[in-house]
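> The structure under discussion is supplied below as structure tokens; questions concerning it will follow.
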Amino acid sequence: MITAIKDGLRAGLITAIIFTFLILIGFTSVAANIIGDILGNPQVLNNETRLPVGNLLIFIALVGLFTGLVTLKKGSNPPWTDVLFRGLTGGILAGLIVGTVIYIVGSFHMEGVDFRAYLPNLGASQLGYLLFYSTPIAASKTYLLYFTVFSLVGALARKTLTMLTGLRNKLKSIKSQIIDWSDKKNFHSLVGNQLFQAGLIILVGIGLYFLPLVWGSYWNYIMGTVAIYILLGLGLNIIVGFSGQLVLGYVAFFATGAYTFALLTAPEPHAVGLNLWVAVGLSTLVSILTGLLLGLPILRLRGDYLAIVTLGFGEIVRILIRSDLLTPLTNGPKGVTNVGQPIWRGHVFSDVNYMHLLMLLVLAGLFIAKRLKDSRTGRAWIAIREDQTVAQATGVDTYKYKILALLLGAAFAGLSGALFASRNQFTGPEDFALMVSVNVLCIVIIGGMGSLPGIILGAFVLKGLPELLRELADYRLLAFGALLVVMMIVRPEGLWPGQNSKKGKMATFSNSLGEDNLEEKV
Amino acid sequence: MIKKFQNLNITWGTALRYIAGLIVAVYLLWRILQTTSIQGSYGPDTWMRFLITGLVIGGIYSLIAIGYTLVYGILFMINFAHGEVMMLGTFAGYFVLEAFAAISAPGSGDQSLSLLNAYPFPALVITFFVGASVSALIGYLLEKIAYRPLRGAQRLIPLISAIGASIFLQNAAQLLFGPQRRQYTNPDLLWRGTGWMIPVGEKSVMLTYTGTFSFILSILLMAGLLILVKKTRLGKSMRAVAENKQAAALMGIDVDAVISKTFIISGFLAGAAGVMWGIHNGLFNHYVGFIPGIKAFTAAVLGGVGNIPGAMVGGMLLGLLESLGPAILGIDFQLKDVIAFTILILVLIFRPSGLLGETLKEDKV
Amino acid sequence: MKLPVIETQNVTMSFGGLTAVDRVDLVVPEQSISSIIGPNGAGKTTLFNCVSGFYVPIEGEINFFGKKIKGLPTHKICELGISRTYQNIRLFNKMTSLENVLVGQHPRMNSMWVESILRNKHYRQQESQALQYAYELLDFLGLSDLADIPAFNLPYGAQRRLEIARALASQPKLLLLDEPTAGMNQQETAEMTSLIRILRDERKMTVLLIEHDMRVVMDISDIITVLDHGQKIAEGKPAEIQSDQRVIEAYLGPGVDEITKKFNRKKTNNAKS
């Protein structure tokens, strides 16, 4: 009983904190809007200053349900009375805390205190909505009621679910089927027929050719961005995913590629007017040289030092680009405009052409990455990632292979930088902030380090979804941050891991297997 | 000695490194000679001003750097989110000062006299304490939520988690408090831009009150930390855990508790540094922790990660290099961040164990 | 005169103030099984690390077929023909058994990364040869059923054997085995012993091993070297080592006659059985 109450209080406290946080970052009203969208409820009532309270209540109910669900621990199956207690205590505590917060804030609001100077999301309209346009005391009572009732429902529902073991087993079998399906081997035996494969490839090819023609320039823009990030992801994956070197300044290569291309093709500031395809090649080359410049001295460093040094390098490149020192060369903070665009059959590249080119490059990139991964080179990289000391003692020249990985990764980045600049017809220093590196790193990690389908998935999740869910754009980075932490704890191998890591869980081998115990304990 | 030389196995990489190092050193010497001996544009008063700025900012870097070093010494991980811990301290201090400034002092008939100006020192003490405590709490939670479940995982994993935590905290602060820049309300006594005038040569240089205050406070905090680590029971157990976790656990030390306390101490110092930053510089927003965070990491590396006095010296040195560097090298002040990062890269290439050396054995790292 | 496989002269290695290996001379003749024994902390693994290039000795020379190898990076030493296993198994955990062995063949292959993208004839030939040899090795070590299992998930004994397979993949002339039978039961130990013999007799290799199990050592070694506190205190055939007073002292402490007798009795029993 005591553990039940304890668990309940714990769950209640956690949800109360999360909910208060959501209120303070203004997420509650956004969530209510989204719920309204999904249910098709009107966004604005006839009285234009008021939002529909029902949507918010549904959101609160959902949070309440969540409270109830987490009062029960995974795999446990306590008796019904216990469940009752868990649900009640959790809900009541969460309701009390949130209710009190709402009451206090609401009372101040009623007395005319303006919080916006310090907490911009507690403006009059939002607060009114949170108070259901009634008095603070009535609102806080509603919160308490909703949290209690739905927490209880949640706890009971979870208990019911645990009892329906049949259903769970069914879910499990579906899950394992999906896993089997994604397991490359079974997948291959399923579609092992070469004719079938060829047909599939042709079908997908036709689909990919016609899609950009059909779905309009908005989608071409979004999917083009996704494609550029897939290319970046493929490149960084060679460095981080294959060879295991955590490079945080990947954006530097992207930037050098974009700037080289822009400066060679734009009329301002240099008017070189180079042939565009030569410029693309040159920008890739310059990125590779940058990689060499960076890699030669630092690739001997230990993993986490490498991360910080490359991070510093990325920042140096950005600061230099926008500094007065290099403004004559790079146009400084203004950036370079009118970047060259390729000509195709007498026309300047349209969004459809760009999309086709990008798709082609993504396919080529996937092809190259795949072939590298399954070769002597790829095996050497993965061996370095797994245990550098042993890899070297097994005959792999680790330094050489790490540099090779960095250069190939830089080449991918340089190429996508050139395309990025050309497609946007503009490039400026602020395009290359640290967040680009972090985004690409997230793509590689969230998809699953070293896994190629994972990168495509990651790029869609990280660059595609936020474009579609515009309302959530403000919360994107917040969610990324949280996602990275949660992923590392729950599923460090990524959403779509490489073929091997599924069976062997990545994380916890003891220190003795790391690079540590070289020295005999004398 | 000769034998040692025979044992040196010079490969192309090392040769290249040393040649590059030589070129950099010669260039630096040439620049320094040029800017100091030849009648430069800077007078002694300017140099003095740079020196003061360097020391003040150096004190702040030192405090943050200690946090990196303490955590690295025990967990061998870079607490990437440490800058964000400092940033939240800056915010907390700001809100406390705002509150003090908003409430008028009781007892005095003057309505315009705020609590802040009526009792500036108690107010400042409370501000620092609250700011530091908030950071300490964040540090504690950070370890508990984002790092503890990853104990014993591959080394990249906690680092990625730390990067995630850093992004989360930065954006949480932006969403909570808004993206605009804010300005610290100092008590009149410590108003920014006021200070003692010190005559240097023909001109005089201002030694600001805020700068002096920050510097002294950072020295006091560092002294306190050294005493804590050297003299107290907690300090002893911290050193024991840093040396060997298993052995420490066998000796009856609660390793988890020691790690938690380490994060609390690091957070506390970072929070104090954050409030100092606010009081001294005034303007801040949610990005305030990022650059000082990386700079402080550089400082920690400069002094030798894992080495507490090293972090202090490294912080001061980095502050000085950053404020004097552009002048010495004769480059733009915009590029002072580049100097810090370049130093980081150079140190890691030529002397990865830092100036004072890592106190850790290589095999642990 | 035939050159010895490994000849160390005066090799010394110290960490801080502590001398882990102290002026050790070691000669390993070709196609032999040589063992290094000694109490814990005697410097056995440190000596191994010197030979395989993890450490550069602060003094002395190491020759491999007369060629100086001191100071060479570990991958060069591996290319020359020295492979090793580790006391605490160090496999590439997320790679399968097969892939581990393929990595082992790295120094014997020379296809470039460009070739692996183009998949030209040279690359295809080399890959198929490598694959064939890898399966042969896995078969040789009784691992062919486990070829597609990640190394991390293999049972302990299989992990030890896979380490040897990986080491053999580079077709070394000298194999360094660091406690190959540690943690194995009697049957597994016997299998390992016969495996080491096969390596010498059929594959014409030289094996240098560190071993704690005296039965194994006395059973298979041609020459035994005994280290204590970093110094070589005895060297010779198994029978000579067994009766060496200094060795017994190193293991059991001086002047304990009772235990000495027991030790001798046990050893002779073991030798009989």
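Simple scheme: letters A, B, ... for chains in structure tokens order, numbers from 1 for residues in each chain, numbers from 1 for ligands in the order shown.
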Which residues of chain C have any atom within 9 Å of an atom in chain B when counting only C-alpha atoms, and what is the closest pair of atoms for each, with the distance in Å to one decimal? Order the rows by chain and rising number and write it as CSV.


residue,atom,partner,partner_atom,distance
C:Val56,CA,B:Asn7,CA,8.3
C:Pro57,CA,B:Asn7,CA,8.7
C:Ile58,CA,B:Asn7,CA,7.2
C:Glu59,CA,B:Asn7,CA,8.2
C:Gly71,CA,B:Asn9,CA,6.3
C:Leu72,CA,B:Asn9,CA,8.2

> Report as JSON lines the residues of chain A within 6 Å of chain C, each with its shortest atom pair and distance in Å (one decimal), using only C-alpha atoms, ordered by chain and increasing residue number.


{"residue": "A:Ile368", "atom": "CA", "partner": "C:Ile117", "partner_atom": "CA", "distance": 5.9}
{"residue": "A:Arg371", "atom": "CA", "partner": "C:Ile117", "partner_atom": "CA", "distance": 5.4}
{"residue": "A:Ser375", "atom": "CA", "partner": "C:Ser116", "partner_atom": "CA", "distance": 5.9}
{"residue": "A:Thr377", "atom": "CA", "partner": "C:Trp113", "partner_atom": "CA", "distance": 5.8}
{"residue": "A:Ala383", "atom": "CA", "partner": "C:Phe92", "partner_atom": "CA", "distance": 6.0}
{"residue": "A:Glu386", "atom": "CA", "partner": "C:Phe92", "partner_atom": "CA", "distance": 5.4}
{"residue": "A:Gln392", "atom": "CA", "partner": "C:His75", "partner_atom": "CA", "distance": 5.1}
{"residue": "A:Ala393", "atom": "CA", "partner": "C:Thr74", "partner_atom": "CA", "distance": 4.9}
{"residue": "A:Thr394", "atom": "CA", "partner": "C:Gly104", "partner_atom": "CA", "distance": 5.8}
{"residue": "A:Gly395", "atom": "CA", "partner": "C:His75", "partner_atom": "CA", "distance": 4.0}
{"residue": "A:Val396", "atom": "CA", "partner": "C:His75", "partner_atom": "CA", "distance": 5.7}
{"residue": "A:Asp397", "atom": "CA", "partner": "C:His75", "partner_atom": "CA", "distance": 5.9}
{"residue": "A:Val522", "atom": "CA", "partner": "C:Gly41", "partner_atom": "CA", "distance": 4.4}

> May I have the residues from that selection written out with all heavy atoms, as a PDB file, in the first residue's frame?


ATOM      1  N   ILE A 368      27.106   4.463 -52.845  1.00  0.00           N
ATOM      2  CA  ILE A 368      28.517   4.520 -52.442  1.00  0.00           C
ATOM      3  C   ILE A 368      28.674   4.098 -50.990  1.00  0.00           C
ATOM      4  O   ILE A 368      29.532   3.279 -50.642  1.00  0.00           O
ATOM      5  CB  ILE A 368      29.062   5.943 -52.660  1.00  0.00           C
ATOM      6  CG1 ILE A 368      29.177   6.224 -54.153  1.00  0.00           C
ATOM      7  CG2 ILE A 368      30.408   6.122 -51.980  1.00  0.00           C
ATOM      8  CD1 ILE A 368      29.538   7.643 -54.473  1.00  0.00           C
ATOM      9  N   ARG A 371      28.220   0.354 -50.568  1.00  0.00           N
ATOM     10  CA  ARG A 371      29.338  -0.446 -51.053  1.00  0.00           C
ATOM     11  C   ARG A 371      30.569  -0.287 -50.170  1.00  0.00           C
ATOM     12  O   ARG A 371      31.292  -1.251 -49.943  1.00  0.00           O
ATOM     13  CB  ARG A 371      29.670  -0.044 -52.483  1.00  0.00           C
ATOM     14  CG  ARG A 371      28.623  -0.557 -53.448  1.00  0.00           C
ATOM     15  CD  ARG A 371      29.227  -0.890 -54.770  1.00  0.00           C
ATOM     16  NE  ARG A 371      28.463  -1.925 -55.428  1.00  0.00           N
ATOM     17  CZ  ARG A 371      28.671  -2.307 -56.682  1.00  0.00           C
ATOM     18  NH1 ARG A 371      29.624  -1.723 -57.384  1.00  0.00           N
ATOM     19  NH2 ARG A 371      27.961  -3.259 -57.220  1.00  0.00           N
ATOM     20  N   SER A 375      32.766  -3.347 -47.534  1.00  0.00           N
ATOM     21  CA  SER A 375      34.060  -3.663 -48.145  1.00  0.00           C
ATOM     22  C   SER A 375      35.152  -3.745 -47.074  1.00  0.00           C
ATOM     23  O   SER A 375      34.898  -3.572 -45.890  1.00  0.00           O
ATOM     24  CB  SER A 375      34.434  -2.585 -49.141  1.00  0.00           C
ATOM     25  OG  SER A 375      34.789  -1.421 -48.440  1.00  0.00           O
ATOM     26  N   THR A 377      37.403  -1.588 -46.648  1.00  0.00           N
ATOM     27  CA  THR A 377      37.475  -0.266 -46.038  1.00  0.00           C
ATOM     28  C   THR A 377      36.439  -0.111 -44.925  1.00  0.00           C
ATOM     29  O   THR A 377      36.755   0.321 -43.824  1.00  0.00           O
ATOM     30  CB  THR A 377      37.228   0.803 -47.107  1.00  0.00           C
ATOM     31  OG1 THR A 377      38.004   0.488 -48.254  1.00  0.00           O
ATOM     32  CG2 THR A 377      37.576   2.166 -46.606  1.00  0.00           C
ATOM     33  N   ALA A 383      35.732  -1.607 -37.366  1.00  0.00           N
ATOM     34  CA  ALA A 383      36.655  -2.132 -36.358  1.00  0.00           C
ATOM     35  C   ALA A 383      37.240  -0.992 -35.532  1.00  0.00           C
ATOM     36  O   ALA A 383      37.357  -1.097 -34.310  1.00  0.00           O
ATOM     37  CB  ALA A 383      37.772  -2.926 -37.036  1.00  0.00           C
ATOM     38  N   GLU A 386      34.701   0.120 -33.066  1.00  0.00           N
ATOM     39  CA  GLU A 386      34.474  -0.809 -31.970  1.00  0.00           C
ATOM     40  C   GLU A 386      35.632  -0.814 -30.976  1.00  0.00           C
ATOM     41  O   GLU A 386      35.409  -0.848 -29.769  1.00  0.00           O
ATOM     42  CB  GLU A 386      34.273  -2.224 -32.513  1.00  0.00           C
ATOM     43  CG  GLU A 386      33.020  -2.391 -33.337  1.00  0.00           C
ATOM     44  CD  GLU A 386      31.775  -2.251 -32.490  1.00  0.00           C
ATOM     45  OE1 GLU A 386      31.582  -3.085 -31.604  1.00  0.00           O
ATOM     46  OE2 GLU A 386      31.012  -1.300 -32.704  1.00  0.00           O
ATOM     47  N   GLN A 392      44.028  -1.449 -34.662  1.00  0.00           N
ATOM     48  CA  GLN A 392      45.380  -1.157 -35.127  1.00  0.00           C
ATOM     49  C   GLN A 392      46.284  -2.382 -34.983  1.00  0.00           C
ATOM     50  O   GLN A 392      47.060  -2.695 -35.884  1.00  0.00           O
ATOM     51  CB  GLN A 392      45.958   0.026 -34.340  1.00  0.00           C
ATOM     52  CG  GLN A 392      47.369   0.352 -34.758  1.00  0.00           C
ATOM     53  CD  GLN A 392      47.606   1.835 -34.905  1.00  0.00           C
ATOM     54  OE1 GLN A 392      46.845   2.634 -34.388  1.00  0.00           O
ATOM     55  NE2 GLN A 392      48.644   2.210 -35.615  1.00  0.00           N
ATOM     56  N   ALA A 393      46.137  -3.088 -33.874  1.00  0.00           N
ATOM     57  CA  ALA A 393      46.977  -4.272 -33.673  1.00  0.00           C
ATOM     58  C   ALA A 393      46.582  -5.390 -34.619  1.00  0.00           C
ATOM     59  O   ALA A 393      47.327  -6.338 -34.809  1.00  0.00           O
ATOM     60  CB  ALA A 393      46.863  -4.745 -32.234  1.00  0.00           C
ATOM     61  N   THR A 394      45.375  -5.275 -35.217  1.00  0.00           N
ATOM     62  CA  THR A 394      44.956  -6.275 -36.192  1.00  0.00           C
ATOM     63  C   THR A 394      45.440  -5.889 -37.592  1.00  0.00           C
ATOM     64  O   THR A 394      45.132  -6.558 -38.557  1.00  0.00           O
ATOM     65  CB  THR A 394      43.425  -6.420 -36.158  1.00  0.00           C
ATOM     66  OG1 THR A 394      43.026  -6.495 -34.791  1.00  0.00           O
ATOM     67  CG2 THR A 394      42.942  -7.656 -36.844  1.00  0.00           C
ATOM     68  N   GLY A 395      46.153  -4.798 -37.679  1.00  0.00           N
ATOM     69  CA  GLY A 395      46.771  -4.454 -38.946  1.00  0.00           C
ATOM     70  C   GLY A 395      46.110  -3.312 -39.689  1.00  0.00           C
ATOM     71  O   GLY A 395      46.467  -3.034 -40.827  1.00  0.00           O
ATOM     72  N   VAL A 396      45.150  -2.649 -39.047  1.00  0.00           N
ATOM     73  CA  VAL A 396      44.498  -1.526 -39.711  1.00  0.00           C
ATOM     74  C   VAL A 396      45.270  -0.252 -39.376  1.00  0.00           C
ATOM     75  O   VAL A 396      45.499   0.037 -38.204  1.00  0.00           O
ATOM     76  CB  VAL A 396      43.039  -1.374 -39.224  1.00  0.00           C
ATOM     77  CG1 VAL A 396      42.383  -0.177 -39.879  1.00  0.00           C
ATOM     78  CG2 VAL A 396      42.257  -2.634 -39.516  1.00  0.00           C
ATOM     79  N   ASP A 397      45.653   0.475 -40.405  1.00  0.00           N
ATOM     80  CA  ASP A 397      46.315   1.756 -40.165  1.00  0.00           C
ATOM     81  C   ASP A 397      45.232   2.755 -39.773  1.00  0.00           C
ATOM     82  O   ASP A 397      44.626   3.420 -40.604  1.00  0.00           O
ATOM     83  CB  ASP A 397      47.034   2.197 -41.442  1.00  0.00           C
ATOM     84  CG  ASP A 397      47.883   3.422 -41.196  1.00  0.00           C
ATOM     85  OD1 ASP A 397      47.709   4.062 -40.150  1.00  0.00           O
ATOM     86  OD2 ASP A 397      48.730   3.732 -42.053  1.00  0.00           O
ATOM     87  N   VAL A 522      50.281  -3.749 -12.556  1.00  0.00           N
ATOM     88  CA  VAL A 522      51.527  -4.291 -12.021  1.00  0.00           C
ATOM     89  C   VAL A 522      51.597  -4.060 -10.525  1.00  0.00           C
ATOM     90  O   VAL A 522      51.105  -3.076 -10.038  1.00  0.00           O
ATOM     91  CB  VAL A 522      52.750  -3.645 -12.675  1.00  0.00           C
ATOM     92  CG1 VAL A 522      53.914  -4.620 -12.662  1.00  0.00           C
ATOM     93  CG2 VAL A 522      52.428  -3.254 -14.074  1.00  0.00           C
TER      94      VAL A 522
END

> From the options B:Val229, B:Leu176, B:Ala270, B:Ala340, which residue's atoms come nearest to chain A, counting only C-alpha atoms?

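Of the candidates, the smallest distance to chain A is held by B:Leu176.
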
> Produce a table with one row for each residue of chain B that has an atom at most 6 Å from any atom of chain A, each row naming the nearest atom pair and its distance in Å at one decimal; use only C-alpha atoms; arrange rows by chain and rising residue number; format as a tab-separated table.


residue	atom	partner	partner_atom	distance
B:Gly152	CA	A:Thr508	CA	5.8
B:Ala153	CA	A:Thr508	CA	4.7
B:Ser161	CA	A:Val485	CA	4.4
B:Gly164	CA	A:Gly481	CA	3.9
B:Ala165	CA	A:Gly481	CA	5.6
B:Ile167	CA	A:Gly481	CA	4.9
B:Phe168	CA	A:Gly481	CA	4.3
B:Asn171	CA	A:Leu478	CA	5.3
B:Leu175	CA	A:Ile25	CA	5.0
B:Leu176	CA	A:Ile25	CA	4.8
B:Phe177	CA	A:Leu119	CA	5.0
B:Gly178	CA	A:Pro120	CA	5.9
B:Val338	CA	A:Ile316	CA	5.4
B:Phe341	CA	A:Gly312	CA	5.3
B:Ile345	CA	A:Val309	CA	5.9
B:Asp363	CA	A:Asp516	CA	5.1
B:Lys364	CA	A:Asp516	CA	5.8

> Please list as a list in words every residue within 8 Å of Asn63 in chain C, counting only C-alpha atoms and excluding residues in the same chain fewer than 2 positions away.

Val5, Ile6, Glu7, Thr8, Glu61, Phe65, Gly66, Lys67, Lys68, Ile69 and Lys70 of chain C

> Restricting the output to C-alpha atoms, write the selected residues as a short mmCIF file (atom, residue, chain, number, x, y, z; two decimals), in the first residue's frame.


data_model
loop_
_atom_site.label_atom_id
_atom_site.label_comp_id
_atom_site.auth_asym_id
_atom_site.auth_seq_id
_atom_site.Cartn_x
_atom_site.Cartn_y
_atom_site.Cartn_z
CA VAL C 5 61.53 -15.57 -34.41
CA ILE C 6 61.70 -13.16 -31.53
CA GLU C 7 64.80 -12.05 -29.76
CA THR C 8 64.53 -9.42 -27.07
CA GLU C 61 65.94 -4.08 -28.61
CA PHE C 65 63.63 -12.60 -37.59
CA GLY C 66 66.56 -10.30 -37.07
CA LYS C 67 64.61 -7.18 -38.03
CA LYS C 68 64.33 -4.43 -35.45
CA ILE C 69 60.67 -3.84 -34.62
CA LYS C 70 60.96 -1.63 -31.58
#

> Between A:Phe367, A:Tyr229, A:Phe261, A:Phe150, which has the minimum distance to Ala279 in chain A (counting only C-alpha atoms)?

A:Phe261

> Write out as JSON, numbers by chain all residues of range 161-362 of chain B that backbone DSSP assigns to helix (DSSP H, G or I).

{"B": [161, 162, 163, 164, 165, 166, 167, 168, 169, 170, 171, 172, 173, 174, 175, 176, 177, 188, 189, 190, 209, 210, 211, 212, 213, 214, 215, 216, 217, 218, 219, 220, 221, 222, 223, 224, 225, 226, 227, 228, 229, 230, 231, 233, 234, 235, 236, 237, 238, 239, 240, 241, 242, 243, 245, 246, 247, 248, 249, 250, 255, 256, 257, 258, 259, 260, 261, 262, 263, 264, 265, 266, 267, 268, 269, 270, 271, 272, 273, 274, 275, 276, 277, 278, 279, 280, 281, 290, 291, 292, 293, 294, 295, 296, 297, 298, 299, 300, 301, 302, 303, 308, 309, 310, 311, 312, 313, 314, 315, 316, 317, 318, 319, 320, 321, 322, 323, 324, 325, 326, 327, 328, 329, 333, 334, 335, 336, 337, 338, 339, 340, 341, 342, 343, 344, 345, 346, 347, 348, 349, 350, 362]}

> Enumerate as a VMD selection string all residues of range 29-145 of chain C assigned to strand (DSSP E) by DSSP on the backbone, naming them with the chain letters and numbers the document uses.

chain C and resid 33 to 37 59 to 64 67 to 68 82 to 84

> Please produce a file of those selected residues containing N, CA, C and O atoms, as an mmCIF file, in the first residue's frame.


data_model
loop_
_atom_site.group_PDB
_atom_site.id
_atom_site.type_symbol
_atom_site.label_atom_id
_atom_site.label_comp_id
_atom_site.auth_asym_id
_atom_site.auth_seq_id
_atom_site.Cartn_x
_atom_site.Cartn_y
_atom_site.Cartn_z
ATOM 1 N N ILE C 33 56.680 -23.819 -29.271
ATOM 2 C CA ILE C 33 55.705 -23.242 -28.348
ATOM 3 C C ILE C 33 56.481 -22.792 -27.129
ATOM 4 O O ILE C 33 57.083 -23.603 -26.436
ATOM 5 N N SER C 34 56.511 -21.492 -26.921
ATOM 6 C CA SER C 34 57.214 -20.963 -25.760
ATOM 7 C C SER C 34 56.201 -20.348 -24.818
ATOM 8 O O SER C 34 55.213 -19.772 -25.254
ATOM 9 N N SER C 35 56.475 -20.498 -23.541
ATOM 10 C CA SER C 35 55.538 -19.947 -22.558
ATOM 11 C C SER C 35 56.243 -18.965 -21.660
ATOM 12 O O SER C 35 57.425 -19.104 -21.376
ATOM 13 N N ILE C 36 55.476 -17.975 -21.251
ATOM 14 C CA ILE C 36 55.971 -17.078 -20.216
ATOM 15 C C ILE C 36 55.076 -17.292 -19.017
ATOM 16 O O ILE C 36 53.846 -17.204 -19.127
ATOM 17 N N ILE C 37 55.666 -17.617 -17.889
ATOM 18 C CA ILE C 37 54.852 -17.747 -16.688
ATOM 19 C C ILE C 37 55.422 -16.833 -15.617
ATOM 20 O O ILE C 37 56.485 -16.237 -15.777
ATOM 21 N N GLU C 59 64.219 0.819 -22.959
ATOM 22 C CA GLU C 59 65.578 0.370 -23.240
ATOM 23 C C GLU C 59 65.522 -0.986 -23.925
ATOM 24 O O GLU C 59 64.530 -1.701 -23.812
ATOM 25 N N GLY C 60 66.559 -1.335 -24.620
ATOM 26 C CA GLY C 60 66.644 -2.661 -25.201
ATOM 27 C C GLY C 60 66.168 -2.713 -26.642
ATOM 28 O O GLY C 60 65.707 -1.719 -27.198
ATOM 29 N N GLU C 61 66.317 -3.902 -27.222
ATOM 30 C CA GLU C 61 65.940 -4.084 -28.614
ATOM 31 C C GLU C 61 64.997 -5.278 -28.730
ATOM 32 O O GLU C 61 65.076 -6.220 -27.938
ATOM 33 N N ILE C 62 64.136 -5.244 -29.706
ATOM 34 C CA ILE C 62 63.301 -6.401 -30.010
ATOM 35 C C ILE C 62 63.508 -6.714 -31.484
ATOM 36 O O ILE C 62 63.328 -5.834 -32.344
ATOM 37 N N ASN C 63 63.928 -7.933 -31.784
ATOM 38 C CA ASN C 63 64.126 -8.317 -33.171
ATOM 39 C C ASN C 63 63.146 -9.406 -33.552
ATOM 40 O O ASN C 63 62.886 -10.333 -32.785
ATOM 41 N N PHE C 64 62.632 -9.268 -34.760
ATOM 42 C CA PHE C 64 61.711 -10.255 -35.290
ATOM 43 C C PHE C 64 62.365 -10.799 -36.561
ATOM 44 O O PHE C 64 62.518 -10.078 -37.538
ATOM 45 N N LYS C 67 64.961 -8.555 -37.658
ATOM 46 C CA LYS C 67 64.615 -7.184 -38.033
ATOM 47 C C LYS C 67 64.176 -6.432 -36.777
ATOM 48 O O LYS C 67 63.406 -6.950 -35.973
ATOM 49 N N LYS C 68 64.693 -5.212 -36.627
ATOM 50 C CA LYS C 68 64.327 -4.431 -35.447
ATOM 51 C C LYS C 68 62.877 -3.976 -35.554
ATOM 52 O O LYS C 68 62.492 -3.379 -36.555
ATOM 53 N N ILE C 82 53.136 -10.622 -36.765
ATOM 54 C CA ILE C 82 52.907 -10.946 -35.356
ATOM 55 C C ILE C 82 51.444 -10.642 -35.047
ATOM 56 O O ILE C 82 50.984 -9.525 -35.262
ATOM 57 N N SER C 83 50.717 -11.619 -34.593
ATOM 58 C CA SER C 83 49.324 -11.388 -34.195
ATOM 59 C C SER C 83 49.169 -11.772 -32.739
ATOM 60 O O SER C 83 49.942 -12.577 -32.229
ATOM 61 N N ARG C 84 48.137 -11.236 -32.122
ATOM 62 C CA ARG C 84 47.994 -11.538 -30.707
ATOM 63 C C ARG C 84 46.528 -11.635 -30.276
ATOM 64 O O ARG C 84 45.622 -11.211 -30.986
#

> So that I can check the surroundings of range 330-337 of chain A, please list as number ranges by chain every protein, DNA and RNA residue that reaches within 12 Å of it, counting only C-alpha atoms and ignoring chain neighbours fewer than 5 positions away.

A: 255-256, 258-271, 317-325, 421-432

> If you measure from CA of Tyr61 in chain B to CA of Ala146 in chain B, what distance in Å do you get, rounded to one decimal?

24.3 Å

> Show me, as a PyMOL selection string, the residues that have an atom within 8 Å of Gly54 in chain B when counting only C-alpha atoms, minus same-chain residues fewer than 4 positions from it.

chain B and resi 50+58+316+318-324
